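Below is one structure; the comments refer to it alone.
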Amino acid sequence: MAKLGCGVSNCIYNQEHCCCKGDIMVGGRDAKRESDTCCESFADRRGDFYANMMESPKEIIHVDCEAVRYLYNRNYKCAAEQISIRGDHADTCGDTLCATFTERQP
(Lines give C-alpha, C1' and ligand atoms only; values in the text may rest on other atoms or scores of the structure.)
Protein backbone atom coordinates (compact mmCIF):
# COMPACT_ATOMS: atom_id res chain seq x y z
CA MET A 1 0.00 0.00 0.00
CA ALA A 2 1.19 3.49 -0.80
CA LYS A 3 0.42 7.00 0.35
CA LEU A 4 -1.24 8.52 -2.70
CA GLY A 5 -1.27 12.19 -3.56
CA CYS A 6 -3.68 12.85 -6.42
CA GLY A 7 -3.39 16.02 -8.49
CA VAL A 8 -6.16 15.10 -10.92
CA SER A 9 -8.79 17.47 -9.53
CA ASN A 10 -11.49 16.53 -12.03
CA CYS A 11 -11.36 12.79 -11.31
CA ILE A 12 -14.56 11.52 -9.72
CA TYR A 13 -12.53 9.68 -7.06
CA ASN A 14 -10.44 12.71 -6.00
CA GLN A 15 -11.40 14.40 -2.76
CA GLU A 16 -8.93 16.60 -0.92
CA HIS A 17 -6.05 15.23 -3.09
CA CYS A 18 -6.84 11.71 -1.83
CA CYS A 19 -8.49 8.82 -3.63
CA CYS A 20 -11.94 7.57 -2.66
CA LYS A 21 -11.78 4.52 -4.89
CA GLY A 22 -9.81 2.37 -2.46
CA ASP A 23 -7.38 1.07 -5.08
CA ILE A 24 -6.07 2.23 -8.45
CA MET A 25 -4.35 0.76 -11.50
CA VAL A 26 -1.31 2.46 -12.97
CA GLY A 27 -0.97 1.59 -16.64
CA GLY A 28 1.94 1.79 -19.03
CA ARG A 29 3.28 -1.72 -19.46
CA ASP A 30 6.28 -0.63 -21.57
CA ALA A 31 6.79 2.75 -19.86
CA LYS A 32 10.30 4.19 -19.89
CA ARG A 33 9.35 7.58 -18.38
CA GLU A 34 6.49 8.97 -16.35
CA SER A 35 4.69 10.37 -19.41
CA ASP A 36 4.30 6.77 -20.65
CA THR A 37 2.19 5.90 -17.59
CA CYS A 38 -1.41 6.70 -16.68
CA CYS A 39 -3.98 6.18 -13.96
CA GLU A 40 -6.30 3.67 -15.60
CA SER A 41 -8.78 4.20 -12.76
CA PHE A 42 -9.42 7.82 -13.80
CA ALA A 43 -13.07 8.73 -14.33
CA ASP A 44 -14.04 12.26 -15.34
CA ARG A 45 -16.14 14.09 -12.77
CA ARG A 46 -19.37 15.28 -14.35
CA GLY A 47 -20.58 17.22 -11.35
CA ASP A 48 -20.31 16.84 -7.60
CA PHE A 49 -23.38 14.56 -7.45
CA TYR A 50 -21.31 11.43 -8.13
CA ALA A 51 -18.47 12.41 -5.81
CA ASN A 52 -20.80 12.27 -2.82
CA MET A 53 -21.58 8.61 -3.57
CA MET A 54 -17.95 7.46 -3.26
CA GLU A 55 -16.12 6.13 -0.21
CA SER A 56 -14.29 8.50 2.11
CA PRO A 57 -10.95 9.84 0.91
CA LYS A 58 -7.97 7.69 1.88
CA GLU A 59 -4.31 8.66 1.87
CA ILE A 60 -3.09 5.05 1.91
CA ILE A 61 -4.45 2.75 -0.83
CA HIS A 62 -3.58 -0.32 -2.87
CA VAL A 63 -1.89 0.51 -6.17
CA ASP A 64 -1.71 -2.12 -8.88
CA CYS A 65 0.96 -1.38 -11.47
CA GLU A 66 1.34 -2.62 -15.04
CA ALA A 67 4.57 -0.64 -15.62
CA VAL A 68 6.97 -3.59 -15.48
CA ARG A 69 10.06 -1.36 -15.75
CA TYR A 70 8.97 0.74 -12.74
CA LEU A 71 11.56 0.68 -9.97
CA TYR A 72 8.90 -0.04 -7.32
CA ASN A 73 6.86 -2.63 -9.24
CA ARG A 74 6.79 -5.87 -7.25
CA ASN A 75 4.64 -8.53 -8.93
CA TYR A 76 2.32 -5.88 -10.42
CA LYS A 77 1.91 -4.07 -7.08
CA CYS A 78 3.44 -0.71 -6.24
CA ALA A 79 5.95 -1.03 -3.41
CA ALA A 80 6.69 2.71 -3.15
CA GLU A 81 5.84 4.32 0.17
CA GLN A 82 4.42 7.38 -1.55
CA ILE A 83 3.27 8.11 -5.10
CA SER A 84 1.87 11.09 -6.95
CA ILE A 85 -0.66 11.00 -9.77
CA ARG A 86 -0.86 14.10 -11.98
CA GLY A 87 -3.02 15.29 -14.82
CA ASP A 88 -5.10 18.28 -13.78
CA HIS A 89 -7.98 18.90 -16.20
CA ALA A 90 -7.59 15.42 -17.74
CA ASP A 91 -10.23 14.28 -20.22
CA THR A 92 -9.14 10.64 -20.38
CA CYS A 93 -6.86 8.35 -18.39
CA GLY A 94 -4.21 8.98 -21.07
CA ASP A 95 -4.02 12.58 -19.83
CA THR A 96 -2.86 11.39 -16.39
CA LEU A 97 0.51 10.02 -15.25
CA CYS A 98 2.36 8.52 -12.33
CA ALA A 99 4.78 11.31 -11.41
CA THR A 100 6.71 8.91 -9.17
CA PHE A 101 7.74 6.65 -12.06
CA THR A 102 11.45 5.90 -12.22
CA GLU A 103 12.69 3.31 -14.67
CA ARG A 104 14.42 0.28 -13.16
CA GLN A 105 17.98 0.04 -14.45
CA PRO A 106 19.11 -3.38 -15.78
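Residues in the C-alpha coordinates are numbered from 1 in each chain, the chains being A, B, ... in the order shown, and ligands are numbered from 1 in the order shown.
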Once DSSP has gone over the backbone, tell me which residues of chain A are in alpha helix (DSSP H), as a list in words.
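Output for chain A, alpha helix (DSSP H) only: Asp48, Phe49, Tyr50 and Ala51 of chain A.
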For segment 35-42 of chain A, work out the shell of residues within 6 Å, counting only C-alpha atoms and skipping chain neighbours fewer than 6 positions away, then give it as a VMD selection string.
chain A and resid 11 24 to 28 93 to 94 96 to 98
Filtering to N, CA and C atoms, could you give me those residues as a PDB file, in the first residue's frame?
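Written file, result_1.pdb:
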ATOM      1  N   CYS A  11     -11.044  14.208 -11.372  1.00  0.00           N
ATOM      2  CA  CYS A  11     -11.362  12.785 -11.307  1.00  0.00           C
ATOM      3  C   CYS A  11     -12.473  12.588 -10.277  1.00  0.00           C
ATOM      4  N   ILE A  24      -6.174   1.723  -7.079  1.00  0.00           N
ATOM      5  CA  ILE A  24      -6.067   2.227  -8.449  1.00  0.00           C
ATOM      6  C   ILE A  24      -5.156   1.321  -9.259  1.00  0.00           C
ATOM      7  N   MET A  25      -5.226   1.482 -10.571  1.00  0.00           N
ATOM      8  CA  MET A  25      -4.354   0.756 -11.500  1.00  0.00           C
ATOM      9  C   MET A  25      -3.523   1.776 -12.263  1.00  0.00           C
ATOM     10  N   VAL A  26      -2.215   1.645 -12.177  1.00  0.00           N
ATOM     11  CA  VAL A  26      -1.312   2.464 -12.972  1.00  0.00           C
ATOM     12  C   VAL A  26      -0.970   1.666 -14.215  1.00  0.00           C
ATOM     13  N   GLY A  27      -1.238   2.238 -15.367  1.00  0.00           N
ATOM     14  CA  GLY A  27      -0.973   1.591 -16.637  1.00  0.00           C
ATOM     15  C   GLY A  27       0.307   2.095 -17.268  1.00  0.00           C
ATOM     16  N   GLY A  28       0.731   1.410 -18.305  1.00  0.00           N
ATOM     17  CA  GLY A  28       1.937   1.787 -19.032  1.00  0.00           C
ATOM     18  C   GLY A  28       2.933   0.645 -19.048  1.00  0.00           C
ATOM     19  N   CYS A  93      -7.949   8.865 -19.227  1.00  0.00           N
ATOM     20  CA  CYS A  93      -6.865   8.348 -18.391  1.00  0.00           C
ATOM     21  C   CYS A  93      -5.505   8.609 -19.041  1.00  0.00           C
ATOM     22  N   GLY A  94      -5.454   8.698 -20.366  1.00  0.00           N
ATOM     23  CA  GLY A  94      -4.210   8.978 -21.066  1.00  0.00           C
ATOM     24  C   GLY A  94      -3.651  10.363 -20.783  1.00  0.00           C
ATOM     25  N   THR A  96      -3.390  11.465 -17.744  1.00  0.00           N
ATOM     26  CA  THR A  96      -2.857  11.389 -16.387  1.00  0.00           C
ATOM     27  C   THR A  96      -1.509  10.672 -16.424  1.00  0.00           C
ATOM     28  N   LEU A  97      -0.764  10.730 -15.324  1.00  0.00           N
ATOM     29  CA  LEU A  97       0.508  10.019 -15.251  1.00  0.00           C
ATOM     30  C   LEU A  97       0.908   9.773 -13.814  1.00  0.00           C
ATOM     31  N   CYS A  98       1.770   8.798 -13.634  1.00  0.00           N
ATOM     32  CA  CYS A  98       2.359   8.519 -12.327  1.00  0.00           C
ATOM     33  C   CYS A  98       3.651   9.326 -12.248  1.00  0.00           C
TER      34      CYS A  98
END
Residue contacts of Cys18 of chain A (10 Å, only C-alpha atoms) excluding same-chain residues fewer than 6 positions away, as a PyMOL selection string
chain A and resi 3-9+56-61
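Nearest residue to Arg86 of chain A, choosing from A:Val68, A:Gln15, A:Ala99, A:Gly22 and counting only C-alpha atoms: A:Ala99.
The two atoms in question, atom CA of Cys65 of chain A and atom CA of Asp91 of chain A, are spaced 21.1 Å apart.
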For a quick check of understanding, using only C-alpha atoms, which of A:His17, A:Arg69, A:His89, A:Ile83 has the smallest distance to Asp44 of chain A?
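Nearest to Asp44 of chain A: A:His89.
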